[in-house]
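Enquirer: Please find start-v2.cif (mmCIF, C-alpha atoms and all ligand atoms) on the next line:
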data_data
#
loop_
_atom_site.group_PDB
_atom_site.id
_atom_site.type_symbol
_atom_site.label_atom_id
_atom_site.label_comp_id
_atom_site.auth_asym_id
_atom_site.auth_seq_id
_atom_site.Cartn_x
_atom_site.Cartn_y
_atom_site.Cartn_z
ATOM 1 C CA MET A 188 74.217 14.837 -74.656
ATOM 2 C CA PHE A 189 76.353 17.738 -73.463
ATOM 3 C CA TYR A 190 75.515 21.212 -72.268
ATOM 4 C CA THR A 191 77.286 24.053 -70.497
ATOM 5 C CA THR A 192 75.689 25.280 -67.303
ATOM 6 C CA GLN A 193 76.182 28.883 -68.403
ATOM 7 C CA GLU A 194 73.817 28.312 -71.355
ATOM 8 C CA ASN A 195 71.838 25.670 -69.379
ATOM 9 C CA ASP A 196 70.518 24.407 -72.744
ATOM 10 C CA HIS A 197 69.928 20.793 -71.655
ATOM 11 C CA GLY A 198 66.816 20.598 -73.844
ATOM 12 C CA LEU A 199 65.054 18.339 -71.332
ATOM 13 C CA ARG A 200 61.655 19.023 -69.851
ATOM 14 C CA TYR A 201 63.213 19.430 -66.389
ATOM 15 C CA ASN A 202 66.678 20.496 -65.259
ATOM 16 C CA PRO A 203 68.500 17.188 -64.569
ATOM 17 C CA PHE A 204 71.028 18.551 -62.042
ATOM 18 C CA LYS A 205 69.302 17.380 -58.853
ATOM 19 C CA ALA A 206 68.687 13.946 -60.404
ATOM 20 C CA ILE A 207 72.380 13.711 -61.276
ATOM 21 C CA VAL A 208 73.552 14.568 -57.758
ATOM 22 C CA SER A 209 71.550 11.794 -56.147
ATOM 23 C CA PRO A 210 70.776 9.992 -53.941
ATOM 24 C CA ARG A 211 71.174 12.755 -51.355
ATOM 25 C CA PRO A 212 70.682 12.299 -47.628
ATOM 26 C CA ILE A 213 68.118 14.602 -46.046
ATOM 27 C CA ALA A 214 68.990 16.877 -43.130
ATOM 28 C CA TRP A 215 65.740 17.474 -41.280
ATOM 29 C CA ILE A 216 66.824 20.668 -39.558
ATOM 30 C CA SER A 217 65.319 21.679 -36.226
ATOM 31 C CA SER A 218 66.053 25.147 -34.858
ATOM 32 C CA LYS A 219 64.568 27.897 -32.735
ATOM 33 C CA ASP A 220 64.240 31.645 -33.258
ATOM 34 C CA LYS A 221 65.235 34.235 -30.617
ATOM 35 C CA GLU A 222 61.642 34.292 -29.340
ATOM 36 C CA GLY A 223 61.752 30.530 -28.759
ATOM 37 C CA ASN A 224 59.539 29.419 -31.682
ATOM 38 C CA ALA A 225 60.580 25.949 -32.878
ATOM 39 C CA ASN A 226 61.121 25.248 -36.570
ATOM 40 C CA LEU A 227 61.617 22.102 -38.640
ATOM 41 C CA ALA A 228 62.388 21.714 -42.368
ATOM 42 C CA PRO A 229 64.134 19.272 -44.755
ATOM 43 C CA TYR A 230 67.330 20.155 -46.652
ATOM 44 C CA SER A 231 68.853 17.671 -49.106
ATOM 45 C CA PHE A 232 71.836 19.705 -50.251
ATOM 46 C CA PHE A 233 73.413 18.052 -47.246
ATOM 47 C CA ASN A 234 76.357 15.876 -46.373
ATOM 48 C CA GLY A 235 79.104 15.059 -43.908
ATOM 49 C CA MET A 236 82.221 17.127 -44.568
ATOM 50 C CA SER A 237 84.691 15.463 -42.190
ATOM 51 C CA ASP A 238 84.591 12.965 -39.323
ATOM 52 C CA ALA A 239 87.340 14.074 -36.923
ATOM 53 C CA PRO A 240 85.815 16.221 -35.633
ATOM 54 C CA PRO A 241 82.435 15.450 -37.196
ATOM 55 C CA ILE A 242 81.368 18.355 -39.396
ATOM 56 C CA ILE A 243 78.284 18.589 -41.618
ATOM 57 C CA GLY A 244 77.087 21.120 -44.157
ATOM 58 C CA PHE A 245 73.823 22.019 -45.867
ATOM 59 C CA GLY A 246 72.791 24.481 -48.543
ATOM 60 C CA SER A 247 69.913 26.904 -48.190
ATOM 61 C CA GLY A 248 68.176 28.875 -50.885
ATOM 62 C CA PRO A 249 67.341 32.482 -49.976
ATOM 63 C CA ASP A 250 63.604 32.570 -49.461
ATOM 64 C CA LYS A 251 60.279 30.778 -49.254
ATOM 65 C CA MET A 252 58.790 30.790 -52.737
ATOM 66 C CA GLY A 253 55.295 32.326 -52.623
ATOM 67 C CA LEU A 254 55.946 34.116 -49.318
ATOM 68 C CA GLU A 255 58.063 37.273 -49.065
ATOM 69 C CA GLU A 256 60.194 35.757 -46.275
ATOM 70 C CA PRO A 257 63.687 34.341 -45.890
ATOM 71 C CA LYS A 258 63.923 30.639 -44.992
ATOM 72 C CA ASP A 259 63.464 30.183 -41.237
ATOM 73 C CA SER A 260 66.174 27.556 -40.698
ATOM 74 C CA LEU A 261 68.883 29.849 -42.044
ATOM 75 C CA SER A 262 67.670 32.965 -40.181
ATOM 76 C CA ASN A 263 67.266 31.003 -36.922
ATOM 77 C CA ILE A 264 70.760 29.519 -37.205
ATOM 78 C CA GLU A 265 72.220 32.954 -38.033
ATOM 79 C CA ALA A 266 70.479 34.347 -34.931
ATOM 80 C CA THR A 267 71.203 31.529 -32.430
ATOM 81 C CA GLY A 268 74.257 29.673 -33.816
ATOM 82 C CA VAL A 269 72.780 26.220 -33.111
ATOM 83 C CA PHE A 270 70.619 23.562 -34.788
ATOM 84 C CA CYS A 271 69.951 19.816 -34.944
ATOM 85 C CA VAL A 272 70.049 17.499 -37.958
ATOM 86 C CA ASN A 273 67.427 14.768 -37.631
ATOM 87 C CA ILE A 274 67.763 11.745 -39.921
ATOM 88 C CA VAL A 275 64.542 10.825 -41.753
ATOM 89 C CA SER A 276 63.479 7.188 -41.464
ATOM 90 C CA ASP A 277 60.973 5.729 -43.922
ATOM 91 C CA ASN A 278 58.123 5.910 -41.370
ATOM 92 C CA LEU A 279 58.657 9.694 -41.010
ATOM 93 C CA LYS A 280 58.714 10.610 -44.715
ATOM 94 C CA ASN A 281 55.203 12.100 -44.836
ATOM 95 C CA GLN A 282 55.838 14.319 -41.790
ATOM 96 C CA MET A 283 59.164 15.360 -43.365
ATOM 97 C CA ASN A 284 57.388 16.305 -46.584
ATOM 98 C CA LEU A 285 54.681 18.218 -44.715
ATOM 99 C CA SER A 286 57.321 20.210 -42.833
ATOM 100 C CA SER A 287 58.695 21.508 -46.158
ATOM 101 C CA LYS A 288 55.552 23.606 -46.685
ATOM 102 C CA HIS A 289 56.197 27.354 -46.699
ATOM 103 C CA PHE A 290 54.565 28.288 -43.408
ATOM 104 C CA PRO A 291 54.879 31.915 -42.218
ATOM 105 C CA HIS A 292 57.685 32.633 -39.734
ATOM 106 C CA GLY A 293 56.829 31.527 -36.197
ATOM 107 C CA VAL A 294 54.739 28.491 -37.207
ATOM 108 C CA ASP A 295 55.976 25.348 -35.424
ATOM 109 C CA GLU A 296 56.258 22.510 -37.987
ATOM 110 C CA PHE A 297 56.569 19.938 -35.160
ATOM 111 C CA GLU A 298 52.975 20.836 -34.256
ATOM 112 C CA GLN A 299 51.826 20.964 -37.886
ATOM 113 C CA ALA A 300 53.221 17.461 -38.511
ATOM 114 C CA GLY A 301 52.109 16.051 -35.121
ATOM 115 C CA LEU A 302 55.686 15.289 -34.028
ATOM 116 C CA CYS A 303 56.947 15.034 -30.443
ATOM 117 C CA LYS A 304 59.938 17.129 -29.385
ATOM 118 C CA GLU A 305 62.905 16.194 -27.239
ATOM 119 C CA GLN A 306 65.332 18.779 -25.822
ATOM 120 C CA ALA A 307 68.930 18.650 -27.104
ATOM 121 C CA ARG A 308 71.584 18.322 -24.368
ATOM 122 C CA THR A 309 74.544 20.406 -25.566
ATOM 123 C CA ILE A 310 72.505 23.180 -27.230
ATOM 124 C CA ASP A 311 69.110 24.824 -26.637
ATOM 125 C CA VAL A 312 67.165 23.306 -29.563
ATOM 126 C CA PRO A 313 64.319 20.765 -29.778
ATOM 127 C CA TYR A 314 64.762 17.689 -31.948
ATOM 128 C CA VAL A 315 62.463 15.040 -33.439
ATOM 129 C CA ALA A 316 61.912 12.453 -30.696
ATOM 130 C CA ASP A 317 61.113 9.666 -33.177
ATOM 131 C CA SER A 318 64.086 10.292 -35.434
ATOM 132 C CA PRO A 319 66.486 7.300 -35.424
ATOM 133 C CA VAL A 320 69.571 9.531 -35.243
ATOM 134 C CA THR A 321 70.007 13.207 -34.351
ATOM 135 C CA LEU A 322 73.119 15.393 -34.560
ATOM 136 C CA GLU A 323 73.388 18.384 -32.238
ATOM 137 C CA CYS A 324 75.329 21.110 -34.099
ATOM 138 C CA LYS A 325 77.006 24.418 -33.383
ATOM 139 C CA LEU A 326 77.381 26.820 -36.295
ATOM 140 C CA HIS A 327 80.955 26.910 -37.584
ATOM 141 C CA ASP A 328 80.544 29.149 -40.633
ATOM 142 C CA ILE A 329 78.154 30.299 -43.330
ATOM 143 C CA ILE A 330 79.566 30.617 -46.832
ATOM 144 C CA THR A 331 77.835 32.760 -49.449
ATOM 145 C CA LEU A 332 77.803 30.757 -52.697
ATOM 146 C CA PRO A 333 77.781 32.252 -56.210
ATOM 147 C CA GLY A 334 74.102 33.030 -56.908
ATOM 148 C CA THR A 335 71.671 33.300 -54.016
ATOM 149 C CA SER A 336 72.318 30.240 -51.828
ATOM 150 C CA LYS A 337 74.322 29.858 -48.633
ATOM 151 C CA TRP A 338 76.259 26.880 -47.301
ATOM 152 C CA VAL A 339 75.901 26.333 -43.552
ATOM 153 C CA ILE A 340 78.708 24.422 -41.810
ATOM 154 C CA GLY A 341 77.973 22.845 -38.436
ATOM 155 C CA LEU A 342 80.311 21.264 -35.897
ATOM 156 C CA VAL A 343 78.579 18.204 -34.411
ATOM 157 C CA THR A 344 78.685 18.492 -30.608
ATOM 158 C CA ALA A 345 76.608 15.413 -29.679
ATOM 159 C CA ILE A 346 74.870 12.477 -31.337
ATOM 160 C CA HIS A 347 71.694 10.620 -30.345
ATOM 161 C CA ILE A 348 71.190 7.102 -31.736
ATOM 162 C CA ASN A 349 68.132 5.015 -30.945
ATOM 163 C CA ASP A 350 69.627 1.844 -29.386
ATOM 164 C CA ALA A 351 67.141 -0.297 -31.325
ATOM 165 C CA PHE A 352 69.159 0.388 -34.463
ATOM 166 C CA ILE A 353 72.537 -0.694 -33.112
ATOM 167 C CA VAL A 354 73.335 -4.326 -33.975
ATOM 168 C CA GLU A 355 76.638 -5.960 -32.965
ATOM 169 C CA GLY A 356 78.294 -2.588 -32.456
ATOM 170 C CA LYS A 357 77.181 -1.174 -35.814
ATOM 171 C CA LEU A 358 74.435 1.180 -36.882
ATOM 172 C CA ASP A 359 72.051 -0.970 -38.953
ATOM 173 C CA VAL A 360 70.399 1.487 -41.339
ATOM 174 C CA THR A 361 68.203 -1.269 -42.805
ATOM 175 C CA LYS A 362 66.341 -1.289 -39.485
ATOM 176 C CA TYR A 363 65.130 2.302 -39.886
ATOM 177 C CA LYS A 364 65.487 2.728 -43.652
ATOM 178 C CA PRO A 365 66.807 6.255 -44.248
ATOM 179 C CA VAL A 366 65.050 8.281 -46.940
ATOM 180 C CA ALA A 367 67.113 9.781 -49.770
ATOM 181 C CA ARG A 368 66.165 12.562 -52.130
ATOM 182 C CA LEU A 369 66.500 11.917 -55.862
ATOM 183 C CA GLY A 370 65.545 14.359 -58.625
ATOM 184 C CA TYR A 371 62.073 15.714 -59.423
ATOM 185 C CA LYS A 372 59.539 14.388 -56.872
ATOM 186 C CA ASP A 373 61.408 11.100 -56.482
ATOM 187 C CA TYR A 374 62.729 9.536 -53.302
ATOM 188 C CA ALA A 375 64.436 6.263 -52.394
ATOM 189 C CA THR A 376 64.522 4.254 -49.197
ATOM 190 C CA ILE A 377 67.658 2.346 -48.205
ATOM 191 C CA SER A 378 66.555 -1.131 -47.175
ATOM 192 C CA GLU A 379 69.441 -3.283 -48.436
ATOM 193 C CA VAL A 380 73.196 -2.884 -48.057
ATOM 194 C CA TYR A 381 76.254 -4.841 -49.177
ATOM 195 C CA GLU A 382 79.933 -4.745 -48.223
ATOM 196 C CA LEU A 383 83.001 -4.177 -50.386
ATOM 197 C CA GLU A 384 86.505 -4.905 -49.064
ATOM 198 C CA ARG A 385 88.905 -2.020 -49.769
ATOM 199 C CA PRO A 386 91.938 -3.108 -51.823
ATOM 200 C CA LYS A 387 95.105 -3.463 -49.715
HETATM 201 C C1 LIG B 1 63.179 16.533 -49.428
HETATM 202 C C2 LIG B 1 63.346 18.019 -49.511
HETATM 203 C C3 LIG B 1 64.626 18.564 -49.604
HETATM 204 C C4 LIG B 1 64.822 19.947 -49.643
HETATM 205 N N1 LIG B 1 66.090 20.430 -49.734
HETATM 206 C C5 LIG B 1 66.301 21.766 -49.743
HETATM 207 C C6 LIG B 1 67.634 22.279 -49.791
HETATM 208 O O1 LIG B 1 68.631 21.529 -49.828
HETATM 209 N N2 LIG B 1 67.783 23.631 -49.773
HETATM 210 C C7 LIG B 1 66.717 24.480 -49.695
HETATM 211 O O2 LIG B 1 66.920 25.697 -49.673
HETATM 212 N N3 LIG B 1 65.442 24.018 -49.648
HETATM 213 C C8 LIG B 1 65.219 22.683 -49.653
HETATM 214 N N4 LIG B 1 63.935 22.203 -49.584
HETATM 215 C C9 LIG B 1 62.829 23.140 -49.426
HETATM 216 C C10 LIG B 1 62.679 23.555 -47.952
HETATM 217 O O3 LIG B 1 62.430 22.422 -47.125
HETATM 218 C C11 LIG B 1 61.491 24.523 -47.824
HETATM 219 O O4 LIG B 1 61.814 25.729 -48.501
HETATM 220 C C12 LIG B 1 61.126 24.790 -46.376
HETATM 221 O O5 LIG B 1 59.868 25.410 -46.307
HETATM 222 C C13 LIG B 1 62.114 25.674 -45.692
HETATM 223 O O6 LIG B 1 61.665 25.780 -44.366
HETATM 224 P P1 LIG B 1 62.163 26.839 -43.341
HETATM 225 O O7 LIG B 1 61.817 28.216 -43.900
HETATM 226 O O8 LIG B 1 61.369 26.514 -42.115
HETATM 227 O O9 LIG B 1 63.637 26.649 -43.158
HETATM 228 C C14 LIG B 1 63.703 20.823 -49.588
HETATM 229 C C15 LIG B 1 62.405 20.289 -49.523
HETATM 230 C C16 LIG B 1 62.227 18.893 -49.497
HETATM 231 C C17 LIG B 1 60.839 18.321 -49.433
#
Mind turning the file's structure into C-alpha cells?
Ligand SMILES: Cc1cc2nc3c(=O)[nH]c(=O)nc-3n(C[C@H](O)[C@H](O)[C@H](O)COP(=O)(O)O)c2cc1C

Expert:
Amino acid sequence: MFYTTQENDHGLRYNPFKAIVSPRPIAWISSKDKEGNANLAPYSFFNGMSDAPPIIGFGSGPDKMGLEEPKDSLSNIEATGVFCVNIVSDNLKNQMNLSSKHFPHGVDEFEQAGLCKEQARTIDVPYVADSPVTLECKLHDIITLPGTSKWVIGLVTAIHINDAFIVEGKLDVTKYKPVARLGYKDYATISEVYELERPK
C-alpha cells in the first residue's frame, strides 16, 4: 500500500503511524508547577538526541482531551525550566498507565499511582524513587512543530542508576525490563538482548 500524509487515505481502521514508529521508549516525565504541585505523565514521542553532552527530546500535544486544559508537563517545564525523565520498568507499567489519565491541573499523579518520590539533586523536581534510571534535565529549547505539538529539548544534568542493574560495568536492561510503546494499545517489554559487532 501507499498513501500520502496530506490525504491521509491509508484506508485502515486505525492510523498506522504510531505503529510504524515503534518500539518507542517512554519518558515518564516528572515536573513541578510554580506553586510546588508535583506532576507525572508518560510521553513516548521521546528519544536521546546526542550523548556528548547527553541531550533528550520529547513531543507534547497541546491539551488534555476531554478537559479544557493544556498538558501539565509542558506548562510546568515552560514555567520552571526543569524536569526529570524516569525510565519505566515492567513492574511500573500499570502506575505509568494510570498517570496518563487527564487529571485536572494540580493533581499529583505520584499520589494517584501510589508512588514514592525522591528529590532530584541538580534541579528542584521530584522523581520516581522506584524507577531504575532517572535523568535530571534542564530545558534547552522548545520547538513549535507544524500542527499543534511542541518538541521539548532537555540537557541532562545528572543521572541516577539503581546499582542493582549494573553488571560488570554495564547497564543490564534485562534486569529491569524497560517498557516500550508500540501502536494502538500495544506495548512491549525488553527482556532479551543480543550483540552485533560493528564492521571494521
Ligand atoms: C505510553 C503513553 C505514551 C504517551 N505519549 C505521549 C506523547 O508522546 N505526547 C503526548 O502529548 N501525550 C502522550 N501521552 C498522553 C499523555 O500521557 C497524557 O495526555 C497525560 O495526561 C499528560 O499529562 P500531563 O498533562 O500531566 O502532562 C502518552 C500516554 C501514554 C499512556

Enquirer: Would you translate the PyMOL selection byres (((not hetatm)) within 6 of (chain B and resi 1)) into the concrete set of residues it matches in this file, as a list in words?

Expert: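 Written out, the selection comes to Asn226, Leu227, Ala228, Pro229, Tyr230, Ser231, Phe232, Gly246, Ser247, Gly248, Lys251, Lys258, Asp259, Ser260, Asn284, Ser287, Lys288, His289 and Arg368 of chain A.
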
Enquirer: Between atom CA of Ser378 of chain A and atom CA of Lys362 of chain A, what is the spacing in Å?

Expert: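 Separating atom CA of Lys362 of chain A from atom CA of Ser378 of chain A is a distance of 7.7 Å.
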
Enquirer: Give the answer as one residue: which of A:Ala225, A:Asp277, A:Ile310, A:His197 has the shortest atom-to-atom distance to Glu298 of chain A, using all atoms listed in the file?

Expert: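 Checking each of A:Ala225, A:Asp277, A:Ile310, A:His197 against Glu298 of chain A, counting all atoms listed in the file, the winner is A:Ala225.
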
Enquirer: Check which residues satisfy the PyMOL selection byres (((chain A and resi 303) around 10) and not hetatm) in the file shown, then give them as a PyMOL selection string.

Expert: chain A and resi 297-298+300-302+304-305+313-318

Enquirer: Given the file above and the PyMOL selection byres (((chain A and resi 212) around 9) and not hetatm), which residues are selected, and can you give them as JSON, numbers by chain?

Expert: {"A": [209, 210, 211, 213, 214, 230, 231, 232, 233, 234, 274, 275, 365, 366, 367, 368]}
